Every structure is written in structure tokens, then in C-alpha cells.
Amino acid sequence: MADAIEDHDAVWSLLGSVRAVLFDFDGPICDLFRGASTKDTATEVKVAAREYWGTLDAEVESCEDSHGILGRLRDMYDSRDRSLDPRPLELAERIVTAQEQRAVETAEPASDVAALVDLLSELGLSLVIVSNNAEQPIRAYLEQHGLDEKFVGVFGRDPKNARHMKPHPHCLERARAFLDVPFPACLMVGDQPTDLTAAQKAGTRFLGYSEDTLKGAEMKHDGADAVVLSHLPLVEIAGKLLANR
């Protein structure tokens, strides 16, 4: 299974032909929540929203995920032709961002990610973050782990419209415009189907990253250019590419 997923030739071709790498944050860079549920955050958002909107739609009430609740609140707001008070959207964004900021303190770095980032930088590739997490916590994490100077840009969740979260390609489009690099010359590294969908919508190449062989196989089946089970193959190939220069 691992040999079928970790396509070293494809990875070599990808790293040797792109000009920029767009990393998702939670997963490829770190384990932000370390398996902890975000149900309490979703509940806090719902309590705040009820103070302004009263009864919430069933889709909002049933959501127990911090990112999901942002999207469903936005859907409810838009479905009322934006006649509702917008303050719950602002409060929800603050609550979720605060949760992410707290999580940064205990986030676990992905294995070999520091070595990979160093090698990709030495290869002259432009590195950015494209994420559904808020920009401020991402920047705090990068600074805490000495990675901030390696990334030329951070493109997090749009605080004004949760519908722009992946699988929408919004953060990738912002990154591409900033880099001024054509999408086919960009490689996104992500660990979720939503990352792959966003990359496909944007027209960028995609490298799946997952320790779960089943999820990796599914991403490969769904169109990922390559999938790795860890960063180690990327480190090895990036090192060889650098040595061959």
C-alpha cells in the first residue's frame, strides 16, 4: 500500500518543476488540536448567536465543529438575505480565532517539517501558508518555532466570509496573486479532501500528505499528483535535488 501511495518519481517531478509551495497549516505543518474536539468552541458560538438571532437553524444547532459552525452561521445569515444582525458572525470569528490561538501553545510540529522547509527554501522555492485557520494564530506558531522567516506569506481564513474556506479556492487565489506565479507552477501540500478540491478548482498541482494510508489512497484516486505518508520522502528528494545543482 505504501509503495503504491508514495510515488517517488512523481514527487521528484513535482519538486523539480514548481516555483512555489503552498502548505496547508493544520496537518502538514503541525497537529494544531492534537485530536481534541472543538465541540466546546462550537457550543460557545451557538450561545453567542442565540442572544441576537434567537432560534438557530437546525443545521447550525447540530454542528459540533468550530470551522463547520462558522460556515453554517454564514449560510443562515445569507439565507435571510442578510437581514439578521451581523454581530454573531463577528463574535463567532473571534471565538474560533481565540481557540486556535490557545491551541498554538500545545500544537505538535509535523515530523521532519523543519528540515523540509529549510531544503525547499534552499532550492529557491517560495513558501506560503494557505489555511482555513486564522492568520494571527498561524503567524504566532511560525514565530514560536522559528519558521516565520521561511514563509513569504500567510493566507488564512477570510474573517469576513466563512464561505471562502476551503474547498473554496479563495486563500489559494490570494496566495497566487501575491506570489505572481502561475497556478500550474504552484504545488499545494494538504491533508484533507477539501484541500484537494480547492487545489483542483484553482488549477494548482497537489501533493497529499497523510499518515492514514486509506485517506492517502483516496486522495490519489481523486486526482492528487502524488501522496506521501510522511515528510521524509520529501526531505530525501529535496536533498538530492539540491545536491544535483
# chains A, B, ... in the order shown; residues from 1 in each chain; ligands from 1
$ select_by_dssp --residues "stretch 28-208 of chain A" --states "helix (DSSP H, G or I)" --output "PyMOL selection string"
chain A and resi 39-53+58-61+66-79+87-104+113-122+135-144+148-150+162-164+170-179+183-185+193-202
$ write_last_selection --atoms "C-alpha atoms" --output "compact mmCIF listing (two decimals), in the first residue's frame"
# COMPACT_ATOMS: atom_id res chain seq x y z
CA LYS A 39 -17.30 20.90 20.23
CA ASP A 40 -16.98 23.33 23.17
CA THR A 41 -16.00 26.13 20.81
CA ALA A 42 -18.96 25.40 18.54
CA THR A 43 -21.23 25.46 21.59
CA GLU A 44 -19.82 28.82 22.69
CA VAL A 45 -20.52 30.21 19.22
CA LYS A 46 -24.11 28.96 19.30
CA VAL A 47 -24.74 30.50 22.72
CA ALA A 48 -23.48 33.87 21.45
CA ALA A 49 -25.54 33.64 18.25
CA ARG A 50 -28.79 32.85 20.08
CA GLU A 51 -28.51 36.12 22.01
CA TYR A 52 -29.00 38.01 18.75
CA TRP A 53 -30.85 35.61 16.45
CA ALA A 58 -31.27 23.01 12.66
CA GLU A 59 -28.06 22.79 10.58
CA VAL A 60 -26.43 25.29 12.93
CA GLU A 61 -27.66 23.60 16.11
CA SER A 66 -15.53 25.03 15.12
CA HIS A 67 -14.94 25.56 11.40
CA GLY A 68 -18.24 23.99 10.44
CA ILE A 69 -20.16 26.33 12.73
CA LEU A 70 -18.62 29.37 11.01
CA GLY A 71 -19.84 28.18 7.63
CA ARG A 72 -23.31 27.25 8.83
CA LEU A 73 -23.81 30.55 10.62
CA ARG A 74 -22.85 32.31 7.41
CA ASP A 75 -25.31 30.17 5.45
CA MET A 76 -28.08 31.09 7.88
CA TYR A 77 -27.23 34.78 7.63
CA ASP A 78 -27.18 34.70 3.82
CA SER A 79 -30.43 32.69 3.66
CA ARG A 87 -22.68 40.62 15.09
CA PRO A 88 -22.90 36.83 15.65
CA LEU A 89 -20.66 36.35 12.60
CA GLU A 90 -18.06 38.70 14.09
CA LEU A 91 -18.32 37.10 17.53
CA ALA A 92 -18.01 33.62 16.06
CA GLU A 93 -14.84 34.58 14.21
CA ARG A 94 -13.33 35.99 17.40
CA ILE A 95 -14.26 32.90 19.43
CA VAL A 96 -12.79 30.46 16.90
CA THR A 97 -9.65 32.55 16.43
CA ALA A 98 -9.12 32.65 20.21
CA GLN A 99 -9.47 28.86 20.32
CA GLU A 100 -6.85 28.50 17.59
CA GLN A 101 -4.54 30.92 19.39
CA ARG A 102 -4.74 28.79 22.55
CA ALA A 103 -4.13 25.62 20.55
CA VAL A 104 -0.91 27.05 19.11
CA VAL A 113 8.78 19.65 8.65
CA ALA A 114 11.59 22.00 9.75
CA ALA A 115 14.13 20.11 7.65
CA LEU A 116 11.76 20.09 4.68
CA VAL A 117 11.09 23.82 4.89
CA ASP A 118 14.83 24.52 5.08
CA LEU A 119 15.56 22.41 1.98
CA LEU A 120 12.71 23.86 -0.07
CA SER A 121 13.93 27.35 0.80
CA GLU A 122 17.46 26.41 -0.28
CA GLU A 135 -3.84 34.28 10.08
CA GLN A 136 -2.83 35.54 13.54
CA PRO A 137 -2.52 32.10 15.22
CA ILE A 138 -0.62 30.76 12.20
CA ARG A 139 1.89 33.58 12.37
CA ALA A 140 2.25 33.06 16.12
CA TYR A 141 3.04 29.39 15.60
CA LEU A 142 5.59 30.05 12.85
CA GLU A 143 7.34 32.62 15.01
CA GLN A 144 7.41 30.33 18.05
CA ASP A 148 8.43 32.71 10.19
CA GLU A 149 11.33 33.82 8.01
CA LYS A 150 10.94 30.78 5.76
CA ALA A 162 -16.60 31.90 6.15
CA ARG A 163 -17.86 30.65 2.80
CA HIS A 164 -14.37 31.35 1.47
CA HIS A 170 -10.06 31.81 -2.13
CA CYS A 171 -6.91 31.52 0.01
CA LEU A 172 -5.02 29.87 -2.87
CA GLU A 173 -6.07 32.64 -5.23
CA ARG A 174 -4.83 35.28 -2.78
CA ALA A 175 -1.53 33.44 -2.44
CA ARG A 176 -1.06 33.15 -6.20
CA ALA A 177 -1.75 36.83 -6.71
CA PHE A 178 0.79 37.71 -4.03
CA LEU A 179 3.43 35.36 -5.45
CA PHE A 183 -1.06 28.20 -10.73
CA PRO A 184 0.49 25.31 -12.73
CA ALA A 185 3.87 26.34 -11.28
CA PRO A 193 -10.16 16.24 0.62
CA THR A 194 -11.16 19.90 0.90
CA ASP A 195 -7.53 20.86 0.22
CA LEU A 196 -7.50 18.72 -2.90
CA THR A 197 -10.80 20.19 -4.12
CA ALA A 198 -9.55 23.74 -3.59
CA ALA A 199 -6.35 22.95 -5.49
CA GLN A 200 -8.31 21.41 -8.36
CA LYS A 201 -10.62 24.42 -8.55
CA ALA A 202 -7.64 26.77 -8.59
$ residues_around --residues "A:Pro233" --least-positions-apart "5" --cutoff "12 Å" --atoms "only C-alpha atoms" --output "NGL selection string"
:A and (2-3 or 5-12 or 15 or 111-113 or 115-116 or 207 or 209 or 226-228 or 238-240)
$ atom_distance --atom1 "atom CA of A:Glu218" --atom2 "atom CA of A:Asp191"
11.1 Å
$ select_by_dssp --residues "stretch 9-43 of chain A" --states "strand (DSSP E)" --output "list in words"
Ala20, Val21, Leu22, Phe23, Cys30 and Asp31 of chain A
$ write_last_selection --atoms "all heavy atoms" --output "PDB file, in the first residue's frame"
ATOM      1  N   ALA A  20       6.733  27.483  -6.408  1.00  0.00           N
ATOM      2  CA  ALA A  20       6.189  27.859  -5.109  1.00  0.00           C
ATOM      3  C   ALA A  20       5.471  26.660  -4.495  1.00  0.00           C
ATOM      4  O   ALA A  20       4.883  25.842  -5.207  1.00  0.00           O
ATOM      5  CB  ALA A  20       5.222  29.031  -5.241  1.00  0.00           C
ATOM      6  N   VAL A  21       5.525  26.568  -3.159  1.00  0.00           N
ATOM      7  CA  VAL A  21       4.821  25.510  -2.433  1.00  0.00           C
ATOM      8  C   VAL A  21       3.860  26.159  -1.453  1.00  0.00           C
ATOM      9  O   VAL A  21       4.256  27.004  -0.638  1.00  0.00           O
ATOM     10  CB  VAL A  21       5.797  24.579  -1.689  1.00  0.00           C
ATOM     11  CG1 VAL A  21       5.015  23.470  -0.974  1.00  0.00           C
ATOM     12  CG2 VAL A  21       6.802  23.959  -2.664  1.00  0.00           C
ATOM     13  N   LEU A  22       2.597  25.761  -1.543  1.00  0.00           N
ATOM     14  CA  LEU A  22       1.536  26.311  -0.710  1.00  0.00           C
ATOM     15  C   LEU A  22       1.147  25.245   0.321  1.00  0.00           C
ATOM     16  O   LEU A  22       0.529  24.232  -0.026  1.00  0.00           O
ATOM     17  CB  LEU A  22       0.315  26.683  -1.552  1.00  0.00           C
ATOM     18  CG  LEU A  22       0.382  27.905  -2.461  1.00  0.00           C
ATOM     19  CD1 LEU A  22       1.547  27.866  -3.453  1.00  0.00           C
ATOM     20  CD2 LEU A  22      -0.937  28.072  -3.224  1.00  0.00           C
ATOM     21  N   PHE A  23       1.542  25.434   1.561  1.00  0.00           N
ATOM     22  CA  PHE A  23       1.274  24.467   2.619  1.00  0.00           C
ATOM     23  C   PHE A  23      -0.044  24.769   3.326  1.00  0.00           C
ATOM     24  O   PHE A  23      -0.268  25.895   3.767  1.00  0.00           O
ATOM     25  CB  PHE A  23       2.370  24.512   3.685  1.00  0.00           C
ATOM     26  CG  PHE A  23       3.648  23.803   3.343  1.00  0.00           C
ATOM     27  CD1 PHE A  23       4.678  24.481   2.711  1.00  0.00           C
ATOM     28  CD2 PHE A  23       3.823  22.468   3.670  1.00  0.00           C
ATOM     29  CE1 PHE A  23       5.880  23.845   2.416  1.00  0.00           C
ATOM     30  CE2 PHE A  23       5.009  21.823   3.379  1.00  0.00           C
ATOM     31  CZ  PHE A  23       6.042  22.505   2.742  1.00  0.00           C
ATOM     32  N   CYS A  30       1.705  21.289  11.361  1.00  0.00           N
ATOM     33  CA  CYS A  30       1.590  20.865  12.758  1.00  0.00           C
ATOM     34  C   CYS A  30       0.255  20.178  12.993  1.00  0.00           C
ATOM     35  O   CYS A  30      -0.662  20.266  12.174  1.00  0.00           O
ATOM     36  CB  CYS A  30       1.718  22.062  13.697  1.00  0.00           C
ATOM     37  SG  CYS A  30       0.321  23.216  13.611  1.00  0.00           S
ATOM     38  N   ASP A  31       0.174  19.498  14.131  1.00  0.00           N
ATOM     39  CA  ASP A  31      -1.093  18.954  14.606  1.00  0.00           C
ATOM     40  C   ASP A  31      -1.628  19.985  15.592  1.00  0.00           C
ATOM     41  O   ASP A  31      -1.233  20.012  16.758  1.00  0.00           O
ATOM     42  CB  ASP A  31      -0.862  17.598  15.282  1.00  0.00           C
ATOM     43  CG  ASP A  31      -2.164  16.948  15.742  1.00  0.00           C
ATOM     44  OD1 ASP A  31      -3.217  17.598  15.639  1.00  0.00           O
ATOM     45  OD2 ASP A  31      -2.111  15.802  16.207  1.00  0.00           O
TER      46      ASP A  31
END
$ closest_residue --among "A:Pro86, A:Gly223, A:Gly190, A:Gly54" --to "A:Ser210" --atoms "only C-alpha atoms"
A:Gly190
$ closest_residue --among "A:Ala110, A:Ile29, A:Val154, A:Val18" --to "A:Val181" --atoms "only C-alpha atoms"
A:Val18
$ closest_residue --among "A:Glu105, A:Leu123, A:Gly208, A:Phe33" --to "A:Arg245" --atoms "only C-alpha atoms"
A:Leu123
